[in-house]
Amino acid sequence: MNIKVESLGDVSVVKCGGNLDADSVAVFKKITSELVNQGSVRLVVDCSLLKFIDSMGLGAMISLLRRVRSRDGDVKVSALNADVKAIFEITRLHRLFEVCTDAKAACKSFKG
Amino acid sequence: MVYRHFTVSVTIGSDTRYLSFLRDLVKSSARLVGRKAFPRALERPLSLALIEAVNNAIFHAHHGRRSEPIQVMMKIRPKWVAVEVEDSGRGLSRKKLKGRAPHELETHGRGLFLIRQLVDSVQSRRRENRHVLKMMCWKKTHV
């Protein structure tokens, strides 16, 4: 998987591409953990280029959410493709995360 | 050519490096046999169910011992498509196999739940001192 991080004001946008699965989850955990350690608590996981996610990828996202919410922050997800969206719905994570249409809308929702 | 019976079997090590290969295997098999034999609607659920089952084999049955072999078999038949994952673990209890969905904030334990949601039938059984998890989708319920 490939991950790019961009800052938009005080929001960090984590743009994930490829597969977030058992093989790549360590990369996601490392990068997001560094962001939180540096004080980022408003995060957007931009899934516009994410093709596949498994339960370990979901677990890493929940772990990030728990960590950030304990610091009064939040994680929002954006631009889920149909397959990833279906997985979020099956596991009911669409009720746990705010799911936005795109990263811009997700960043904006932090301000609202 | 129309494939009414198609079976593919591979043996891999207990390593997550093989996951993308397995997803490609499902995709390639579907392409090879055609959409009538392997409807598009089955590709995503079976592919993800396979990955979850292999994750279980790697992390829970083999505890990360990479040299332990995992055998994956995909069978395409006129009415159904099935995927079997064979490992050297003890297998799954009925309780575990039918267990409830994990709490939303739980970070682990979603693999089996996902498998149950994605496919029509899940069976855990012993075969010659090995454990086999068989996941099956009926074509008529997904088309």
# chains A, B, ... in the order shown; residues from 1 in each chain; ligands from 1
call {"tool": "closest_atom_pairs", "arguments": {"of": "chain B", "to": "chain A", "cutoff": "12 Å", "atoms": "only C-alpha atoms", "output": "CSV"}}
result
residue,atom,partner,partner_atom,distance
B:Ser14,CA,A:Asp23,CA,11.6
B:Asp15,CA,A:Asp23,CA,8.3
B:Thr16,CA,A:Asp23,CA,4.9
B:Arg17,CA,A:Asp23,CA,6.1
B:Tyr18,CA,A:Asp23,CA,8.5
B:Leu19,CA,A:Asp23,CA,7.3
B:Ser20,CA,A:Asn19,CA,8.4
B:Phe21,CA,A:Asp23,CA,11.6
B:Arg23,CA,A:Phe52,CA,9.8
B:Ala41,CA,A:Asp83,CA,10.9
B:Glu43,CA,A:Asp83,CA,10.7
B:Arg44,CA,A:Asp83,CA,7.4
B:Pro45,CA,A:Asp83,CA,9.4
B:Ser47,CA,A:Phe52,CA,10.1
B:Leu48,CA,A:Asp54,CA,6.9
B:Ala49,CA,A:Asp54,CA,9.1
B:Leu50,CA,A:Asp54,CA,10.4
B:Ile51,CA,A:Asp54,CA,7.5
B:Glu52,CA,A:Asp54,CA,7.0
B:Ala53,CA,A:Ser55,CA,10.7
B:Val54,CA,A:Ala22,CA,10.0
B:Asn55,CA,A:Ala22,CA,7.2
B:Asn56,CA,A:Ala22,CA,10.5
B:Ile58,CA,A:Ala22,CA,10.0
B:Phe59,CA,A:Ala22,CA,9.8
B:Gly64,CA,A:Ala22,CA,11.8
B:Arg100,CA,A:Thr91,CA,11.6
B:Ala101,CA,A:Thr91,CA,8.0
B:Pro102,CA,A:Thr91,CA,8.8
B:His103,CA,A:Thr91,CA,9.6
B:Glu104,CA,A:Leu93,CA,6.8
B:Leu105,CA,A:Ile62,CA,6.3
B:Glu106,CA,A:Ile62,CA,7.4
B:Thr107,CA,A:Gly59,CA,4.2
B:His108,CA,A:Gly59,CA,5.9
B:Gly109,CA,A:Ser55,CA,8.0
B:Arg110,CA,A:Ser55,CA,5.7
B:Gly111,CA,A:Ser55,CA,5.6
B:Leu112,CA,A:Ser55,CA,9.2
B:Phe113,CA,A:Thr91,CA,8.3
B:Leu114,CA,A:Thr91,CA,7.3
B:Ile115,CA,A:Ser55,CA,10.1
B:Arg116,CA,A:Ile90,CA,10.5
B:Gln117,CA,A:Ile90,CA,7.2
B:Leu118,CA,A:Ile90,CA,8.7
call {"tool": "residues_around", "arguments": {"residues": "Ser121 in chain B", "least_positions_apart": "3", "cutoff": "9 Å", "atoms": "only C-alpha atoms", "output": "PDB file with C-alpha atoms, in the first residue's frame"}}
result
ATOM      1  CA  ARG B 116     -20.156 -15.574   8.047  1.00  0.00           C
ATOM      2  CA  LYS B 134     -14.869 -24.501   3.820  1.00  0.00           C
ATOM      3  CA  MET B 135     -16.733 -21.409   2.660  1.00  0.00           C
ATOM      4  CA  MET B 136     -19.373 -21.696  -0.001  1.00  0.00           C
ATOM      5  CA  CYS B 137     -21.588 -19.362  -2.017  1.00  0.00           C
ATOM      6  CA  TRP B 138     -24.613 -20.540  -3.966  1.00  0.00           C
TER       7      TRP B 138
END
call {"tool": "residues_around", "arguments": {"residues": "Gln71 in chain B", "least_positions_apart": "3", "cutoff": "12 Å", "atoms": "only C-alpha atoms", "output": "PyMOL selection string"}}
result
chain B and resi 8-14+18+22+50+53-54+57-58+68+74+83-88+130-134
call {"tool": "decode", "arguments": {"residues": "range 28-47 of chain A", "atoms": "N, CA and C atoms", "output": "PDB file, in the first residue's frame"}}
result
ATOM      1  N   PHE A  28       0.492   1.358   7.912  1.00  0.00           N
ATOM      2  CA  PHE A  28      -0.582   2.281   8.300  1.00  0.00           C
ATOM      3  C   PHE A  28      -0.457   2.626   9.789  1.00  0.00           C
ATOM      4  N   LYS A  29      -0.237   1.596  10.606  1.00  0.00           N
ATOM      5  CA  LYS A  29      -0.132   1.812  12.064  1.00  0.00           C
ATOM      6  C   LYS A  29       1.042   2.724  12.399  1.00  0.00           C
ATOM      7  N   LYS A  30       2.175   2.496  11.723  1.00  0.00           N
ATOM      8  CA  LYS A  30       3.390   3.270  12.009  1.00  0.00           C
ATOM      9  C   LYS A  30       3.168   4.747  11.670  1.00  0.00           C
ATOM     10  N   ILE A  31       2.651   4.997  10.476  1.00  0.00           N
ATOM     11  CA  ILE A  31       2.482   6.384  10.028  1.00  0.00           C
ATOM     12  C   ILE A  31       1.448   7.123  10.878  1.00  0.00           C
ATOM     13  N   THR A  32       0.328   6.464  11.150  1.00  0.00           N
ATOM     14  CA  THR A  32      -0.716   7.149  11.928  1.00  0.00           C
ATOM     15  C   THR A  32      -0.280   7.317  13.389  1.00  0.00           C
ATOM     16  N   SER A  33       0.475   6.358  13.887  1.00  0.00           N
ATOM     17  CA  SER A  33       0.959   6.458  15.260  1.00  0.00           C
ATOM     18  C   SER A  33       1.908   7.657  15.389  1.00  0.00           C
ATOM     19  N   GLU A  34       2.759   7.831  14.390  1.00  0.00           N
ATOM     20  CA  GLU A  34       3.675   8.984  14.400  1.00  0.00           C
ATOM     21  C   GLU A  34       2.902  10.298  14.368  1.00  0.00           C
ATOM     22  N   LEU A  35       1.848  10.322  13.569  1.00  0.00           N
ATOM     23  CA  LEU A  35       1.026  11.540  13.489  1.00  0.00           C
ATOM     24  C   LEU A  35       0.423  11.881  14.852  1.00  0.00           C
ATOM     25  N   VAL A  36      -0.127  10.873  15.510  1.00  0.00           N
ATOM     26  CA  VAL A  36      -0.761  11.106  16.816  1.00  0.00           C
ATOM     27  C   VAL A  36       0.294  11.516  17.842  1.00  0.00           C
ATOM     28  N   ASN A  37       1.444  10.846  17.792  1.00  0.00           N
ATOM     29  CA  ASN A  37       2.523  11.211  18.728  1.00  0.00           C
ATOM     30  C   ASN A  37       2.979  12.654  18.528  1.00  0.00           C
ATOM     31  N   GLN A  38       2.862  13.128  17.285  1.00  0.00           N
ATOM     32  CA  GLN A  38       3.254  14.524  17.004  1.00  0.00           C
ATOM     33  C   GLN A  38       2.135  15.506  17.354  1.00  0.00           C
ATOM     34  N   GLY A  39       1.017  15.002  17.831  1.00  0.00           N
ATOM     35  CA  GLY A  39      -0.062  15.882  18.297  1.00  0.00           C
ATOM     36  C   GLY A  39      -1.259  15.999  17.369  1.00  0.00           C
ATOM     37  N   SER A  40      -1.256  15.279  16.243  1.00  0.00           N
ATOM     38  CA  SER A  40      -2.416  15.343  15.348  1.00  0.00           C
ATOM     39  C   SER A  40      -3.570  14.549  15.943  1.00  0.00           C
ATOM     40  N   VAL A  41      -4.689  15.224  16.144  1.00  0.00           N
ATOM     41  CA  VAL A  41      -5.856  14.505  16.667  1.00  0.00           C
ATOM     42  C   VAL A  41      -7.084  14.695  15.771  1.00  0.00           C
ATOM     43  N   ARG A  42      -6.901  15.452  14.711  1.00  0.00           N
ATOM     44  CA  ARG A  42      -7.968  15.585  13.715  1.00  0.00           C
ATOM     45  C   ARG A  42      -7.460  14.950  12.429  1.00  0.00           C
ATOM     46  N   LEU A  43      -8.000  13.783  12.144  1.00  0.00           N
ATOM     47  CA  LEU A  43      -7.472  13.017  11.011  1.00  0.00           C
ATOM     48  C   LEU A  43      -8.573  12.641  10.022  1.00  0.00           C
ATOM     49  N   VAL A  44      -8.193  12.667   8.767  1.00  0.00           N
ATOM     50  CA  VAL A  44      -9.083  12.163   7.721  1.00  0.00           C
ATOM     51  C   VAL A  44      -8.354  11.025   7.022  1.00  0.00           C
ATOM     52  N   VAL A  45      -8.985   9.857   6.955  1.00  0.00           N
ATOM     53  CA  VAL A  45      -8.410   8.759   6.165  1.00  0.00           C
ATOM     54  C   VAL A  45      -9.100   8.804   4.802  1.00  0.00           C
ATOM     55  N   ASP A  46      -8.351   9.285   3.825  1.00  0.00           N
ATOM     56  CA  ASP A  46      -8.883   9.422   2.465  1.00  0.00           C
ATOM     57  C   ASP A  46      -8.717   8.083   1.738  1.00  0.00           C
ATOM     58  N   CYS A  47      -9.836   7.450   1.457  1.00  0.00           N
ATOM     59  CA  CYS A  47      -9.804   6.097   0.867  1.00  0.00           C
ATOM     60  C   CYS A  47     -10.051   6.112  -0.641  1.00  0.00           C
TER      61      CYS A  47
END
